[in-house]
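I have placed the structure first, in the form of structure tokens, so that the comments after it can refer back to it.
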Amino acid sequence: MTPPWNVEGRYRNWQSLCNNLRAGILMQLALTYDMRAPSFGAPARELYAAALDQVAWADALGFDVIGLGEHHASPDGYNPSPLVLAAAMGARTKRILLRTSVALVPLYDPVKLIEDAAVTQLATGGRLLFGIGGGYRPAEFEMFGRRLEDRWRAVGDFVRLARLAWRGEPFTWQGRRMLVTPVPDPPPPILLGGSTPAAARRAARIADGWFPPLDARLWTPYRDACSALGKPDPGPYPKQGPIFLWVSKDPERDWKRLLPHALHQLRSYAEWTIEAFGRAAGPYAAGITADAVEQSGAYRVLTPEQTIALAESLGEDGVLYLSPLLAGIAPRLADGMLALFEREVHPHLPR
């Protein structure tokens with residue numbers, strides 16, 4: 001698989017991962033965290049402590065990437081500070097990459113965000129994958145006093161400013177004298193996220209890569225735009241595992257335990273799309289029910305043997321996600337699942 005990122009030789013750890021993917025010698029393993037703590041789940045203080053322990057485990061086992069989202073004004077405490085958490089996780093790990101998925105650029109002072117990303121990159125030994133996006137929730141933009149309609153202009157301006165700032169030289173920006181220090185070495189790759197073909201094409205134009213979408217249809221406009229711009233062909237769409245995967249010796253029992261957490265996540269996203277677009281959007285817009293979620297294939301509870309079969313179906317260049325604390329899942333349950341994954345799944349993966 002040709003790496004879908006214009007790394008230009010600047011990103012040592014990121015380059016290594018891309019090279020391994022291109023050579024087809026590993027399946028990418030990812031841990032994702034939303035840090036939601038709904039009232040029926042584990043409290044936030046337990047979830048954050050567990051997440052730090054889990055990423056240390058994942059780093060030692062050989063996982064590749066940690067994904068950290070960002071949202072604000074969420075009653076369940078969805079993580080609003082992915083760079084802060086990335087830095088904390090970096091202190092507990094040595095090699096795993098730390099990806100913001102995504103930092104909502106329009107809500108920040110751009111210079112401060114560029115400084116914070118530089119410090120995170122230095123503090124983690126160059127392991128930051130700086131995923132950024134424009135956001136979509138009106139409540140978040142109101143909270144920060146920003147205009148939703150300005151978001152993509154803000155994203156474009158931010159990328160241009162970051163490129164200048166991370167040179168470590170004085171420059172002028174919009175009439176202001178600038179010198180941003182410390183200088184990250186190397187600068188973190190900027191990956192652009194989004195949910196439309198326009199966002200995919202924008203990633204090809206201005207970013208170092210496209211945050212791989214779960215919607216395979218968005219890969220084609222990204223790939224076409226790279227070709228039109230004379231950039232390396234990112235290759236076929238990397239096959240993705242389900243957005244939530246749980247390994248279990250008793251899937252029926254554990255599905256019942258986990259279903260409230262999955263439903264909470266989905267209903268929250270549905271509420272946000274109604275807020276943003278006036279209607280529920282996404283795969284469950286017609287109704288979020290337990291049967292619909294179970295039949296969708298996006299949330300799966302599998303035996304170790306079924307998990308191995310799933311991994312084999314994705315192939316050596318696939319991506320397998322684990323979200324052990326999704327929407328407040330109890331750490332004791334999550335840790336038991338991860339131990340089962342280590343014993344009975346990991347040794348059999350195409351690594």
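Every chain in the structure tokens has a letter given in the order shown (A, B, ...), and although residue numbers restart at 1 in each chain, ligands are simply numbered from 1 in the order shown.
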Using DSSP assignments from the backbone, pull out every residue in region 119-319 of chain A that falls under alpha helix (DSSP H) and give it to me as a PyMOL selection string. chain A and resi 119-123+138-143+151-165+197-206+219-228+251-277+290-296+304-314
Please build the interface table for region 53-85 of chain A against region 106-119 of chain A with a cut-off of 12 Å, listing for each qualifying residue the nearest atom pair and the distance in Å to one decimal; count only C-alpha atoms, order rows by chain and increasing number, and write it as JSON lines.
{"residue": "A:Glu70", "atom": "CA", "partner": "A:Leu107", "partner_atom": "CA", "distance": 10.9}
{"residue": "A:His71", "atom": "CA", "partner": "A:Leu107", "partner_atom": "CA", "distance": 10.4}
{"residue": "A:His72", "atom": "CA", "partner": "A:Leu107", "partner_atom": "CA", "distance": 9.8}
{"residue": "A:Pro80", "atom": "CA", "partner": "A:Leu107", "partner_atom": "CA", "distance": 10.9}
{"residue": "A:Ser81", "atom": "CA", "partner": "A:Asp116", "partner_atom": "CA", "distance": 10.9}
{"residue": "A:Pro82", "atom": "CA", "partner": "A:Ala117", "partner_atom": "CA", "distance": 10.3}
{"residue": "A:Leu83", "atom": "CA", "partner": "A:Ala117", "partner_atom": "CA", "distance": 7.0}
{"residue": "A:Val84", "atom": "CA", "partner": "A:Asp116", "partner_atom": "CA", "distance": 8.7}
{"residue": "A:Leu85", "atom": "CA", "partner": "A:Asp116", "partner_atom": "CA", "distance": 12.0}
Dump N, CA, C and O atoms for the selected residues as an mmCIF file, in the first residue's frame?
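As written to disk, selection_13.cif reads:
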data_model
loop_
_atom_site.group_PDB
_atom_site.id
_atom_site.type_symbol
_atom_site.label_atom_id
_atom_site.label_comp_id
_atom_site.auth_asym_id
_atom_site.auth_seq_id
_atom_site.Cartn_x
_atom_site.Cartn_y
_atom_site.Cartn_z
ATOM 1 N N GLU A 70 -12.161 15.454 20.004
ATOM 2 C CA GLU A 70 -12.386 16.713 20.714
ATOM 3 C C GLU A 70 -13.816 17.182 20.496
ATOM 4 O O GLU A 70 -14.299 17.241 19.356
ATOM 5 N N HIS A 71 -14.503 17.496 21.592
ATOM 6 C CA HIS A 71 -15.787 18.194 21.538
ATOM 7 C C HIS A 71 -15.937 19.015 22.816
ATOM 8 O O HIS A 71 -15.249 18.768 23.821
ATOM 9 N N HIS A 72 -16.838 19.969 22.750
ATOM 10 C CA HIS A 72 -17.049 20.891 23.871
ATOM 11 C C HIS A 72 -18.534 20.957 24.222
ATOM 12 O O HIS A 72 -19.387 20.565 23.418
ATOM 13 N N PRO A 80 -12.353 17.701 25.863
ATOM 14 C CA PRO A 80 -12.211 18.948 25.129
ATOM 15 C C PRO A 80 -10.762 19.319 24.826
ATOM 16 O O PRO A 80 -10.516 20.320 24.154
ATOM 17 N N SER A 81 -9.798 18.534 25.326
ATOM 18 C CA SER A 81 -8.386 18.940 25.261
ATOM 19 C C SER A 81 -7.506 17.787 24.787
ATOM 20 O O SER A 81 -6.736 17.207 25.570
ATOM 21 N N PRO A 82 -7.566 17.437 23.507
ATOM 22 C CA PRO A 82 -6.808 16.267 23.052
ATOM 23 C C PRO A 82 -5.299 16.428 23.147
ATOM 24 O O PRO A 82 -4.592 15.450 23.376
ATOM 25 N N LEU A 83 -4.770 17.651 22.962
ATOM 26 C CA LEU A 83 -3.319 17.814 23.071
ATOM 27 C C LEU A 83 -2.834 17.606 24.501
ATOM 28 O O LEU A 83 -1.752 17.052 24.728
ATOM 29 N N VAL A 84 -3.614 18.052 25.468
ATOM 30 C CA VAL A 84 -3.240 17.829 26.871
ATOM 31 C C VAL A 84 -3.174 16.339 27.162
ATOM 32 O O VAL A 84 -2.207 15.834 27.764
ATOM 33 N N LEU A 85 -4.205 15.611 26.735
ATOM 34 C CA LEU A 85 -4.214 14.169 26.981
ATOM 35 C C LEU A 85 -3.120 13.472 26.183
ATOM 36 O O LEU A 85 -2.485 12.533 26.676
#
With a distance cut-off of 12 Å and only C-alpha atoms, select the neighbouring residues of Gly135 (chain A), excluding the residue or stretch itself and same-chain residues fewer than 3 positions from it, and output the selection as a PyMOL selection string. chain A and resi 69-72+101-108+132+138-141+146-152+154-155+192-195+199+272-273+276
Any chance you can output those residues with N, CA and C atoms as an mmCIF file, in the first residue's frame?
data_model
loop_
_atom_site.group_PDB
_atom_site.id
_atom_site.type_symbol
_atom_site.label_atom_id
_atom_site.label_comp_id
_atom_site.auth_asym_id
_atom_site.auth_seq_id
_atom_site.Cartn_x
_atom_site.Cartn_y
_atom_site.Cartn_z
ATOM 1 N N GLY A 69 -10.315 12.286 20.203
ATOM 2 C CA GLY A 69 -11.247 13.252 19.650
ATOM 3 C C GLY A 69 -11.333 14.520 20.478
ATOM 4 N N GLU A 70 -12.161 15.454 20.004
ATOM 5 C CA GLU A 70 -12.386 16.713 20.714
ATOM 6 C C GLU A 70 -13.816 17.182 20.496
ATOM 7 N N HIS A 71 -14.503 17.496 21.592
ATOM 8 C CA HIS A 71 -15.787 18.194 21.538
ATOM 9 C C HIS A 71 -15.937 19.015 22.816
ATOM 10 N N HIS A 72 -16.838 19.969 22.750
ATOM 11 C CA HIS A 72 -17.049 20.891 23.871
ATOM 12 C C HIS A 72 -18.534 20.957 24.222
ATOM 13 N N SER A 101 -7.956 13.560 16.703
ATOM 14 C CA SER A 101 -8.885 13.078 15.678
ATOM 15 C C SER A 101 -10.302 13.654 15.833
ATOM 16 N N VAL A 102 -10.465 14.954 15.726
ATOM 17 C CA VAL A 102 -9.507 15.956 15.296
ATOM 18 C C VAL A 102 -9.570 17.152 16.236
ATOM 19 N N ALA A 103 -8.479 17.957 16.251
ATOM 20 C CA ALA A 103 -8.494 19.229 16.970
ATOM 21 C C ALA A 103 -9.332 20.233 16.184
ATOM 22 N N LEU A 104 -10.239 20.908 16.858
ATOM 23 C CA LEU A 104 -11.181 21.816 16.191
ATOM 24 C C LEU A 104 -10.555 23.200 16.093
ATOM 25 N N VAL A 105 -9.797 23.392 15.028
ATOM 26 C CA VAL A 105 -8.961 24.579 14.837
ATOM 27 C C VAL A 105 -9.706 25.904 14.982
ATOM 28 N N PRO A 106 -10.905 26.069 14.428
ATOM 29 C CA PRO A 106 -11.537 27.393 14.489
ATOM 30 C C PRO A 106 -11.865 27.870 15.901
ATOM 31 N N LEU A 107 -11.855 26.966 16.878
ATOM 32 C CA LEU A 107 -12.213 27.347 18.240
ATOM 33 C C LEU A 107 -11.025 27.849 19.044
ATOM 34 N N TYR A 108 -9.837 27.840 18.489
ATOM 35 C CA TYR A 108 -8.617 28.210 19.204
ATOM 36 C C TYR A 108 -8.069 29.558 18.732
ATOM 37 N N ILE A 132 -6.565 17.757 12.318
ATOM 38 C CA ILE A 132 -7.336 18.974 12.552
ATOM 39 C C ILE A 132 -8.616 18.930 11.715
ATOM 40 N N PRO A 138 -23.055 24.195 16.198
ATOM 41 C CA PRO A 138 -23.236 25.616 16.512
ATOM 42 C C PRO A 138 -22.961 25.944 17.973
ATOM 43 N N ALA A 139 -23.318 25.049 18.899
ATOM 44 C CA ALA A 139 -23.127 25.347 20.321
ATOM 45 C C ALA A 139 -21.661 25.541 20.661
ATOM 46 N N GLU A 140 -20.791 24.794 20.019
ATOM 47 C CA GLU A 140 -19.362 24.939 20.291
ATOM 48 C C GLU A 140 -18.850 26.291 19.796
ATOM 49 N N PHE A 141 -19.282 26.684 18.619
ATOM 50 C CA PHE A 141 -18.837 27.964 18.076
ATOM 51 C C PHE A 141 -19.383 29.127 18.894
ATOM 52 N N ARG A 146 -17.126 32.233 18.109
ATOM 53 C CA ARG A 146 -16.665 32.127 16.716
ATOM 54 C C ARG A 146 -17.864 31.915 15.790
ATOM 55 N N ARG A 147 -17.649 32.189 14.511
ATOM 56 C CA ARG A 147 -18.696 32.039 13.502
ATOM 57 C C ARG A 147 -18.518 30.719 12.758
ATOM 58 N N LEU A 148 -19.570 29.917 12.758
ATOM 59 C CA LEU A 148 -19.515 28.618 12.105
ATOM 60 C C LEU A 148 -19.173 28.748 10.625
ATOM 61 N N GLU A 149 -19.717 29.775 9.974
ATOM 62 C CA GLU A 149 -19.507 29.930 8.534
ATOM 63 C C GLU A 149 -18.066 30.293 8.182
ATOM 64 N N ASP A 150 -17.249 30.662 9.172
ATOM 65 C CA ASP A 150 -15.850 31.019 8.915
ATOM 66 C C ASP A 150 -14.897 29.837 9.108
ATOM 67 N N ARG A 151 -15.431 28.656 9.411
ATOM 68 C CA ARG A 151 -14.559 27.589 9.915
ATOM 69 C C ARG A 151 -13.523 27.118 8.903
ATOM 70 N N TRP A 152 -13.890 26.961 7.637
ATOM 71 C CA TRP A 152 -12.914 26.417 6.692
ATOM 72 C C TRP A 152 -11.886 27.456 6.278
ATOM 73 N N ALA A 154 -10.774 29.544 8.443
ATOM 74 C CA ALA A 154 -9.890 29.483 9.607
ATOM 75 C C ALA A 154 -8.931 28.306 9.511
ATOM 76 N N VAL A 155 -9.415 27.176 9.016
ATOM 77 C CA VAL A 155 -8.553 26.003 8.868
ATOM 78 C C VAL A 155 -7.437 26.278 7.862
ATOM 79 N N LEU A 192 -5.795 16.411 7.737
ATOM 80 C CA LEU A 192 -7.067 17.123 7.716
ATOM 81 C C LEU A 192 -8.224 16.137 7.694
ATOM 82 N N GLY A 193 -9.180 16.339 8.593
ATOM 83 C CA GLY A 193 -10.373 15.516 8.627
ATOM 84 C C GLY A 193 -11.561 16.244 8.034
ATOM 85 N N GLY A 194 -12.662 15.552 7.930
ATOM 86 C CA GLY A 194 -13.880 16.119 7.384
ATOM 87 C C GLY A 194 -14.806 15.020 6.928
ATOM 88 N N SER A 195 -15.997 15.397 6.499
ATOM 89 C CA SER A 195 -16.989 14.388 6.137
ATOM 90 C C SER A 195 -17.611 14.635 4.768
ATOM 91 N N ALA A 199 -13.935 18.433 1.639
ATOM 92 C CA ALA A 199 -12.910 18.345 2.682
ATOM 93 C C ALA A 199 -11.781 17.415 2.248
ATOM 94 N N TRP A 272 -26.414 16.020 18.091
ATOM 95 C CA TRP A 272 -25.527 17.061 17.566
ATOM 96 C C TRP A 272 -25.813 17.340 16.104
ATOM 97 N N THR A 273 -26.147 16.305 15.329
ATOM 98 C CA THR A 273 -26.458 16.557 13.922
ATOM 99 C C THR A 273 -27.790 17.289 13.774
ATOM 100 N N ALA A 276 -26.969 20.804 14.362
ATOM 101 C CA ALA A 276 -26.195 21.418 13.290
ATOM 102 C C ALA A 276 -26.969 21.545 11.983
#
For Glu294 (chain A), find every residue with an atom within 12 Å (counting only C-alpha atoms), except residues of its own chain fewer than 3 positions away, and show them as number ranges by chain. A: 242, 244-245, 251-252, 255-256, 258-259, 262-263, 284, 288-291, 297-302
